[in-house]
file data29.cif (mmCIF, C-alpha atoms and all ligand atoms)
data_final
#
loop_
_atom_site.label_atom_id
_atom_site.label_comp_id
_atom_site.auth_asym_id
_atom_site.auth_seq_id
_atom_site.Cartn_x
_atom_site.Cartn_y
_atom_site.Cartn_z
CA MET A 1 41.22 124.46 77.94
CA ASN A 2 40.11 125.89 81.29
CA ILE A 3 43.03 125.03 83.57
CA ASP A 4 41.35 126.42 86.74
CA LYS A 5 38.38 124.13 86.10
CA LEU A 6 40.72 121.15 85.78
CA ILE A 7 42.52 122.05 89.00
CA ASN A 8 39.15 122.28 90.78
CA LEU A 9 38.11 118.88 89.44
CA THR A 10 41.22 117.22 90.85
CA GLN A 11 41.55 118.90 94.24
CA ASP A 12 39.79 118.57 97.61
CA ILE A 13 37.43 115.87 96.41
CA GLU A 14 35.05 114.90 99.19
CA LEU A 15 34.87 111.27 100.15
CA TYR A 16 32.47 109.36 97.87
CA GLU A 17 31.84 112.35 95.60
CA LYS A 18 30.47 110.94 92.35
CA GLY A 19 31.99 111.64 88.94
CA THR A 20 29.83 113.05 86.15
CA GLY A 21 29.86 109.76 84.19
CA VAL A 22 29.12 106.14 85.09
CA MET A 23 31.44 103.76 83.30
CA TRP A 24 29.41 100.53 83.72
CA THR A 25 26.20 101.88 82.18
CA ASP A 26 27.62 104.29 79.58
CA GLU A 27 26.45 102.99 76.18
CA TYR A 28 29.88 103.18 74.52
CA ILE A 29 32.14 102.29 77.46
CA SER A 30 29.99 99.35 78.57
CA GLY A 31 30.54 97.89 75.07
CA GLN A 32 34.29 98.23 75.60
CA LEU A 33 33.94 96.64 79.02
CA LEU A 34 31.97 93.74 77.59
CA LYS A 35 34.87 92.98 75.23
CA ALA A 36 37.24 93.01 78.23
CA HIS A 37 34.91 90.78 80.32
CA ILE A 38 34.69 88.07 77.70
CA ASP A 39 38.38 88.08 76.77
CA SER A 40 39.49 85.26 79.07
CA SER A 41 43.18 86.15 78.68
CA ASN A 42 43.05 89.33 80.78
CA ASP A 43 41.99 90.47 84.25
CA LEU A 44 40.52 93.82 83.28
CA ALA A 45 36.77 93.71 83.93
CA SER A 46 36.58 90.06 85.04
CA ARG A 47 39.37 87.75 86.16
CA ASN A 48 41.08 85.58 83.54
CA GLY A 49 39.44 82.30 82.51
CA ALA A 50 41.71 80.06 84.61
CA SER A 51 41.07 82.11 87.75
CA ILE A 52 37.30 82.05 87.13
CA GLU A 53 37.34 78.24 86.76
CA GLN A 54 39.30 77.99 89.99
CA ALA A 55 36.99 80.42 91.78
CA VAL A 56 33.83 78.58 90.70
CA ASP A 57 35.24 75.25 91.94
CA TRP A 58 36.22 76.88 95.21
CA ILE A 59 32.80 78.57 95.61
CA ALA A 60 31.01 75.25 95.04
CA GLY A 61 33.28 73.63 97.67
CA GLU A 62 32.69 76.41 100.21
CA PHE A 63 28.95 76.27 99.60
CA GLY A 64 29.24 72.62 100.41
CA ARG A 65 26.09 71.23 98.82
CA SER A 66 24.98 70.24 95.39
CA GLY A 67 22.06 72.03 93.78
CA GLY A 68 20.35 74.99 95.45
CA ALA A 69 19.56 78.53 94.40
CA VAL A 70 22.51 80.85 93.69
CA LEU A 71 22.27 84.60 93.11
CA ASP A 72 25.22 86.43 91.49
CA ILE A 73 25.19 90.15 92.22
CA GLY A 74 27.06 92.26 89.64
CA CYS A 75 27.16 89.18 87.40
CA GLY A 76 28.48 90.99 84.29
CA PRO A 77 28.08 88.86 81.14
CA GLY A 78 27.54 85.67 83.15
CA LEU A 79 31.00 84.11 83.43
CA TYR A 80 30.24 82.70 86.90
CA THR A 81 26.49 82.15 86.46
CA GLU A 82 27.01 79.88 83.43
CA ARG A 83 29.65 77.77 85.15
CA LEU A 84 27.49 77.43 88.26
CA ALA A 85 24.42 76.54 86.19
CA ALA A 86 26.49 73.87 84.41
CA LYS A 87 27.29 72.44 87.86
CA GLY A 88 23.57 71.98 88.51
CA TYR A 89 22.70 75.06 90.58
CA SER A 90 19.57 77.06 89.89
CA VAL A 91 21.12 80.43 89.07
CA THR A 92 20.01 84.07 88.91
CA GLY A 93 22.22 86.98 87.83
CA VAL A 94 21.74 90.70 88.48
CA ASP A 95 23.65 93.54 86.83
CA PHE A 96 22.78 97.08 85.75
CA SER A 97 24.77 96.97 82.49
CA GLU A 98 22.24 96.43 79.67
CA ASN A 99 25.05 95.34 77.35
CA SER A 100 26.26 92.65 79.76
CA ILE A 101 22.79 91.33 80.59
CA GLU A 102 21.79 91.15 76.94
CA TYR A 103 24.99 89.25 76.16
CA ALA A 104 24.41 86.95 79.17
CA LYS A 105 20.81 86.16 78.12
CA ASN A 106 21.83 85.34 74.54
CA SER A 107 24.78 83.24 75.66
CA ALA A 108 22.65 81.21 78.11
CA LYS A 109 20.10 80.62 75.34
CA GLU A 110 22.80 79.42 72.93
CA LYS A 111 24.23 77.09 75.55
CA GLN A 112 20.74 75.94 76.60
CA LEU A 113 21.36 76.96 80.20
CA ASN A 114 18.35 77.95 82.25
CA ILE A 115 19.56 81.12 84.00
CA GLU A 116 17.36 83.98 85.17
CA TYR A 117 18.80 87.46 84.56
CA PHE A 118 17.66 90.87 85.81
CA CYS A 119 18.99 94.17 84.51
CA MET A 120 18.83 96.25 87.68
CA ASP A 121 20.79 98.23 90.26
CA TYR A 122 21.71 95.88 93.09
CA LEU A 123 21.11 98.71 95.55
CA MET A 124 17.41 98.37 94.58
CA LEU A 125 17.34 94.58 94.95
CA ASP A 126 14.13 93.46 96.65
CA PHE A 127 14.23 89.66 96.70
CA HIS A 128 12.97 87.77 99.75
CA ASP A 129 14.18 84.28 100.78
CA LYS A 130 15.32 83.65 97.21
CA ALA A 131 18.85 82.23 97.45
CA ASP A 132 20.82 79.61 99.36
CA LEU A 133 24.02 81.29 98.22
CA ILE A 134 24.76 84.84 97.07
CA ILE A 135 28.07 85.73 95.45
CA MET A 136 29.63 89.10 94.65
CA ILE A 137 32.99 88.60 92.96
CA TYR A 138 35.87 90.82 91.87
CA CYS A 139 35.90 93.21 94.80
CA ASP A 140 32.65 94.99 93.99
CA PHE A 141 32.10 95.02 97.74
CA CYS A 142 34.95 97.57 97.96
CA VAL A 143 33.61 100.19 95.58
CA MET A 144 30.56 101.39 97.50
CA SER A 145 30.30 104.17 100.07
CA SER A 146 29.65 102.88 103.58
CA SER A 147 25.95 103.81 103.40
CA GLU A 148 25.53 102.09 100.00
CA ARG A 149 27.35 99.04 101.40
CA ASP A 150 24.88 98.83 104.30
CA ILE A 151 21.92 99.10 101.90
CA LEU A 152 23.41 96.30 99.81
CA LEU A 153 24.03 94.10 102.84
CA GLN A 154 20.42 94.53 103.95
CA ASN A 155 19.27 93.60 100.42
CA ILE A 156 21.50 90.52 100.51
CA TYR A 157 20.29 89.52 103.97
CA ARG A 158 16.65 89.77 102.83
CA ALA A 159 17.34 87.80 99.64
CA LEU A 160 19.03 84.91 101.49
CA LYS A 161 17.09 81.98 102.88
CA PRO A 162 17.71 81.30 106.60
CA GLY A 163 21.16 79.69 106.91
CA GLY A 164 22.08 80.93 103.42
CA LYS A 165 25.64 82.00 102.66
CA PHE A 166 27.21 85.10 101.14
CA ILE A 167 30.63 84.77 99.48
CA PHE A 168 32.60 87.82 98.35
CA ASP A 169 36.16 89.07 97.91
CA VAL A 170 37.76 92.29 99.09
CA GLN A 171 41.03 94.17 98.75
CA ASN A 172 42.93 93.87 102.00
CA GLU A 173 45.55 95.92 103.84
CA THR A 174 48.43 94.30 101.89
CA ALA A 175 46.93 95.84 98.76
CA PHE A 176 46.53 99.21 100.52
CA LYS A 177 50.22 99.18 101.49
CA CYS A 178 51.08 98.90 97.76
CA ALA A 179 48.78 101.81 96.80
CA LYS A 180 50.49 105.13 96.01
CA ASP A 181 49.37 108.59 94.94
CA GLU A 182 49.86 108.64 91.16
CA LYS A 183 49.17 110.88 88.17
CA SER A 184 49.37 110.05 84.46
CA TRP A 185 47.97 111.21 81.12
CA GLU A 186 47.27 109.74 77.70
CA PHE A 187 46.17 110.95 74.25
CA SER A 188 43.96 108.72 72.15
CA SER A 189 42.53 109.08 68.66
CA GLY A 190 39.60 106.97 69.95
CA GLY A 191 39.71 104.09 72.41
CA PHE A 192 38.34 102.78 75.68
CA TRP A 193 36.67 105.97 76.93
CA GLN A 194 35.13 107.25 73.69
CA ALA A 195 35.25 106.58 69.96
CA GLU A 196 36.37 110.16 69.21
CA PRO A 197 39.80 111.61 70.11
CA TYR A 198 40.36 112.48 73.76
CA LEU A 199 42.91 113.43 76.37
CA LEU A 200 42.77 111.34 79.55
CA LEU A 201 44.06 112.57 82.90
CA THR A 202 44.26 109.82 85.50
CA SER A 203 45.08 110.06 89.18
CA LYS A 204 45.06 107.86 92.24
CA GLN A 205 44.54 109.68 95.53
CA LEU A 206 44.91 108.04 98.93
CA TYR A 207 42.68 108.85 101.92
CA LYS A 208 45.12 107.20 104.29
CA GLU A 209 43.26 107.27 107.61
CA ARG A 210 40.18 105.74 105.99
CA LYS A 211 42.04 103.07 103.93
CA ILE A 212 40.27 104.42 100.85
CA VAL A 213 41.60 105.24 97.38
CA LEU A 214 40.00 107.40 94.70
CA ASN A 215 40.83 106.47 91.10
CA GLN A 216 39.85 109.50 89.06
CA HIS A 217 39.74 109.60 85.25
CA ILE A 218 39.04 112.88 83.47
CA VAL A 219 38.19 112.49 79.78
CA ILE A 220 38.55 115.73 77.78
CA ASP A 221 37.09 115.78 74.29
CA GLU A 222 37.91 118.01 71.30
CA GLU A 223 35.36 120.61 72.45
CA ASN A 224 37.13 120.74 75.84
CA GLU A 225 34.16 119.07 77.55
CA CYS A 226 35.27 117.10 80.62
CA THR A 227 33.65 113.91 81.90
CA THR A 228 34.89 112.61 85.24
CA TYR A 229 34.76 108.99 86.38
CA HIS A 230 35.33 108.28 90.07
CA PHE A 231 36.11 104.81 91.42
CA TRP A 232 36.29 104.63 95.18
CA GLU A 233 38.04 101.60 96.64
CA HIS A 234 37.94 100.50 100.28
CA PHE A 235 40.57 98.18 101.72
CA TYR A 236 39.41 95.96 104.56
CA ASN A 237 41.06 93.80 107.21
CA GLU A 238 39.38 90.85 108.87
CA GLY A 239 38.27 92.94 111.86
CA ASP A 240 36.59 95.50 109.58
CA ILE A 241 34.68 92.79 107.70
CA LYS A 242 33.62 91.01 110.88
CA SER A 243 32.27 94.19 112.43
CA ILE A 244 30.48 95.38 109.22
CA LEU A 245 28.91 91.99 108.48
CA GLU A 246 27.90 91.29 112.08
CA SER A 247 26.32 94.71 112.47
CA ASN A 248 24.20 93.83 109.42
CA GLY A 249 22.97 90.60 111.03
CA PHE A 250 25.37 88.04 109.52
CA ALA A 251 27.15 85.33 111.53
CA ASN A 252 30.08 82.91 111.15
CA VAL A 253 32.29 85.41 109.36
CA LYS A 254 35.04 83.27 107.89
CA SER A 255 38.15 84.66 106.21
CA CYS A 256 39.10 82.17 103.50
CA GLY A 257 42.37 83.78 102.36
CA ASN A 258 43.03 83.60 98.66
CA PHE A 259 43.31 80.56 96.42
CA LEU A 260 43.91 82.35 93.10
CA ILE A 261 46.99 81.91 90.97
CA ASN A 262 48.30 83.37 87.71
CA ASN A 263 46.79 86.78 88.11
CA GLU A 264 48.89 89.34 86.28
CA PHE A 265 46.68 92.39 86.61
CA ARG A 266 46.15 92.68 90.35
CA ASN A 267 48.39 91.78 93.25
CA GLU A 268 46.34 88.78 94.36
CA ASN A 269 48.10 88.71 97.74
CA GLY A 270 46.02 91.78 98.25
CA ILE A 271 42.72 89.90 97.92
CA THR A 272 40.86 88.05 100.67
CA PHE A 273 37.72 85.96 100.16
CA TYR A 274 35.05 85.77 102.88
CA ARG A 275 32.11 83.51 103.57
CA VAL A 276 29.35 84.55 105.97
CA THR A 277 26.01 83.04 106.98
CA LYS A 278 22.52 84.48 107.49
C1 LIG B 1 34.27 94.28 88.27
S1 LIG B 1 32.84 93.79 87.38
C2 LIG B 1 32.69 92.11 87.93
C3 LIG B 1 31.72 91.29 87.12
C4 LIG B 1 31.60 89.83 87.56
N1 LIG B 1 31.30 89.71 88.96
C5 LIG B 1 32.87 89.09 87.22
O1 LIG B 1 33.74 88.99 88.09
O2 LIG B 1 32.96 88.64 86.07
C6 LIG B 1 31.54 94.63 88.30
C7 LIG B 1 30.15 94.40 87.75
O3 LIG B 1 29.21 94.98 88.65
C8 LIG B 1 28.24 95.69 87.91
N2 LIG B 1 27.71 96.75 88.78
C9 LIG B 1 28.40 97.78 89.34
N3 LIG B 1 27.58 98.51 90.12
C10 LIG B 1 26.35 97.93 90.04
C11 LIG B 1 25.09 98.25 90.61
N4 LIG B 1 24.92 99.30 91.42
N5 LIG B 1 24.03 97.43 90.33
C12 LIG B 1 24.18 96.35 89.50
N6 LIG B 1 25.36 96.02 88.92
C13 LIG B 1 26.43 96.80 89.19
C14 LIG B 1 28.97 96.20 86.68
O4 LIG B 1 28.08 96.48 85.62
C15 LIG B 1 29.91 95.02 86.40
O5 LIG B 1 29.30 94.07 85.55
#
call {"tool": "encode", "arguments": {"input": "data29.cif", "output": "structure tokens", "more": "lines below"}}
Ligand SMILES: C[S@@+](CC[C@H](N)C(=O)[O-])C[C@H]1O[C@@H](n2cnc3c(N)ncnc32)[C@H](O)[C@@H]1O
result
Amino acid sequence: MNIDKLINLTQDIELYEKGTGVMWTDEYISGQLLKAHIDSSNDLASRNGASIEQAVDWIAGEFGRSGGAVLDIGCGPGLYTERLAAKGYSVTGVDFSENSIEYAKNSAKEKQLNIEYFCMDYLMLDFHDKADLIIMIYCDFCVMSSSERDILLQNIYRALKPGGKFIFDVQNETAFKCAKDEKSWEFSSGGFWQAEPYLLLTSKQLYKERKIVLNQHIVIDEENECTTYHFWEHFYNEGDIKSILESNGFANVKSCGNFLINNEFRNENGITFYRVTK
């Protein structure tokens, strides 16, 4: 094992530096993630089933109209799209995980729900005047760099019809106050990160002035090959969201607090939902 190489991988990481692997689209890991998404008893890749039910009811109430076109960005295997379609909305889902989109398409077919799915990167989204409501749920808004976030917001703005709404959730400053620098390791004979044996080195590094955290996972295989996965998380207060959304053309930025209960995985006090209008 090259210890110097490992030290270099973990130190002085520049803000938004990418890892060498992408968890969501990796053929093996995305299969593991799909299992986590559709297990309604946990909050790993999607929130638990009860929270999703609650969120969908709340979203429909905030949207405040029956019917209409809804676009779910980062829709995963369709846990929100299906529930919204069952409520009578005309729904489209976008995600870049082939595994999740394939599952979502098959599931909609089985349930005879008419949902349109696209397997694509939401940073490349090029819809015009398509949706009355766009949702992005489970804090995906927090994982992008600031330039990616602006690209996404422009894509969302273009895809919304005039007066359309965008609903999303973010990690707030309460969550940031709970975040700590951490390091841990784990051996596995085959598990979440790969089917073969591996050593996993995990760390959480705080960039305090920027309210940003890097979650780094280094997977080392039996040949000593390292794959790094970087998850950047931003934590936003209401002022941050207002200024970011308004500078991207949105109006009526409304902080809706948090209505979720029973969430064991995340500190849900640390989550705030927002609704904004084009
Ligand atoms: C935390 S999961 C949430 C899934 C879903 N919103 C839910 O709550 O059940 C994030 C989802 O965003 C997708 N995703 C991440 N980055 C993406 C990108 N650049 N383009 C499209 N989908 C992306 C992942 O594949 C994953 O399905």
call {"tool": "residues_around", "arguments": {"input": "data29.cif", "residues": "region 88-105 of chain A", "least_positions_apart": "5", "cutoff": "6 Å", "atoms": "only C-alpha atoms", "output": "list in words"}}
result
Trp24, Thr25, Gly67, Gly68, Ala69, Val70, Leu71, Asp72, Ile73, Gly74, Cys75, Gly76, Pro77, Gly78, Ile115, Glu116, Tyr117, Phe118, Cys119, Met120 and Asp121 of chain A
call {"tool": "closest_residue", "arguments": {"input": "data29.cif", "among": "A:Gln32, A:Ser145, A:Ser41, A:Ser243", "to": "Leu214 (chain A)", "atoms": "only C-alpha atoms"}}
result
A:Ser145
call {"tool": "closest_residue", "arguments": {"input": "data29.cif", "among": "A:Asn258, A:Asn252, A:Asn106, A:Ser51", "to": "ligand LIG 1 (chain B)", "atoms": "all atoms listed in the file"}}
result
A:Ser51
call {"tool": "residues_around", "arguments": {"input": "data29.cif", "residues": "Gly64 (chain A)", "least_positions_apart": "2", "cutoff": "12 Å", "atoms": "all atoms listed in the file", "output": "list in words"}}
result
Asp57, Trp58, Ile59, Ala60, Gly61, Glu62, Ser66, Gly67, Gly68, Asp132, Leu133, Gly164, Lys165 and Arg275 of chain A
call {"tool": "atom_distance", "arguments": {"input": "data29.cif", "atom1": "CA of Pro162 (chain A)", "atom2": "atom O4 of ligand LIG 1 (chain B)"}}
result
27.9 Å
call {"tool": "residues_around", "arguments": {"input": "data29.cif", "residues": "Ile137 (chain A)", "least_positions_apart": "4", "cutoff": "10 Å", "atoms": "all atoms listed in the file", "output": "MDAnalysis selection string"}}
result
chainID A and resid 46:47 52 55 72:75 80 141 167:170 273
call {"tool": "atom_distance", "arguments": {"input": "data29.cif", "atom1": "CA of Lys177 (chain A)", "atom2": "CA of Leu206 (chain A)"}}
result
10.6 Å
call {"tool": "atom_distance", "arguments": {"input": "data29.cif", "atom1": "atom O4 of ligand LIG 1 (chain B)", "atom2": "CA of Ala251 (chain A)"}}
result
28.2 Å
call {"tool": "closest_residue", "arguments": {"input": "data29.cif", "among": "A:Asn42, A:Phe187, A:Glu196, A:Gln171", "to": "Glu238 (chain A)", "atoms": "all atoms listed in the file"}}
result
A:Gln171
call {"tool": "closest_residue", "arguments": {"input": "data29.cif", "among": "A:Lys111, A:Glu148, A:Ile218, A:Phe166", "to": "Ala131 (chain A)", "atoms": "only C-alpha atoms"}}
result
A:Phe166
call {"tool": "residues_near_point", "arguments": {"input": "data29.cif", "point": "(33.2, 80.2, 84.1)", "cutoff": "7 Å", "atoms": "all atoms listed in the file", "output": "list in words"}}
result
Gly49, Ile52, Glu53, Val56, Leu79, Tyr80, Glu82 and Arg83 of chain A
call {"tool": "write_last_selection", "arguments": {"input": "data29.cif", "atoms": "C-alpha atoms", "output": "PDB file, in the coordinates of the input"}}
result
ATOM      1  CA  GLY A  49      39.440  82.300  82.510  1.00  0.00           C
ATOM      2  CA  ILE A  52      37.300  82.050  87.130  1.00  0.00           C
ATOM      3  CA  GLU A  53      37.340  78.240  86.760  1.00  0.00           C
ATOM      4  CA  VAL A  56      33.830  78.580  90.700  1.00  0.00           C
ATOM      5  CA  LEU A  79      31.000  84.110  83.430  1.00  0.00           C
ATOM      6  CA  TYR A  80      30.240  82.700  86.900  1.00  0.00           C
ATOM      7  CA  GLU A  82      27.010  79.880  83.430  1.00  0.00           C
ATOM      8  CA  ARG A  83      29.650  77.770  85.150  1.00  0.00           C
TER       9      ARG A  83
END
call {"tool": "closest_residue", "arguments": {"input": "data29.cif", "among": "A:Ser30, A:Asn248, A:Thr228, A:Ser255", "to": "ligand LIG 1 (chain B)", "atoms": "all atoms listed in the file"}}
result
A:Ser30
call {"tool": "axis_aligned_box", "arguments": {"input": "data29.cif", "around": "region 117-135 of chain A", "padding_each_side": "4 Å", "output": "AutoDock Vina command-line options"}}
result
--center_x 20.5 --center_y 89.2 --center_z 92.6 --size_x 23.1 --size_y 27.1 --size_z 24.3
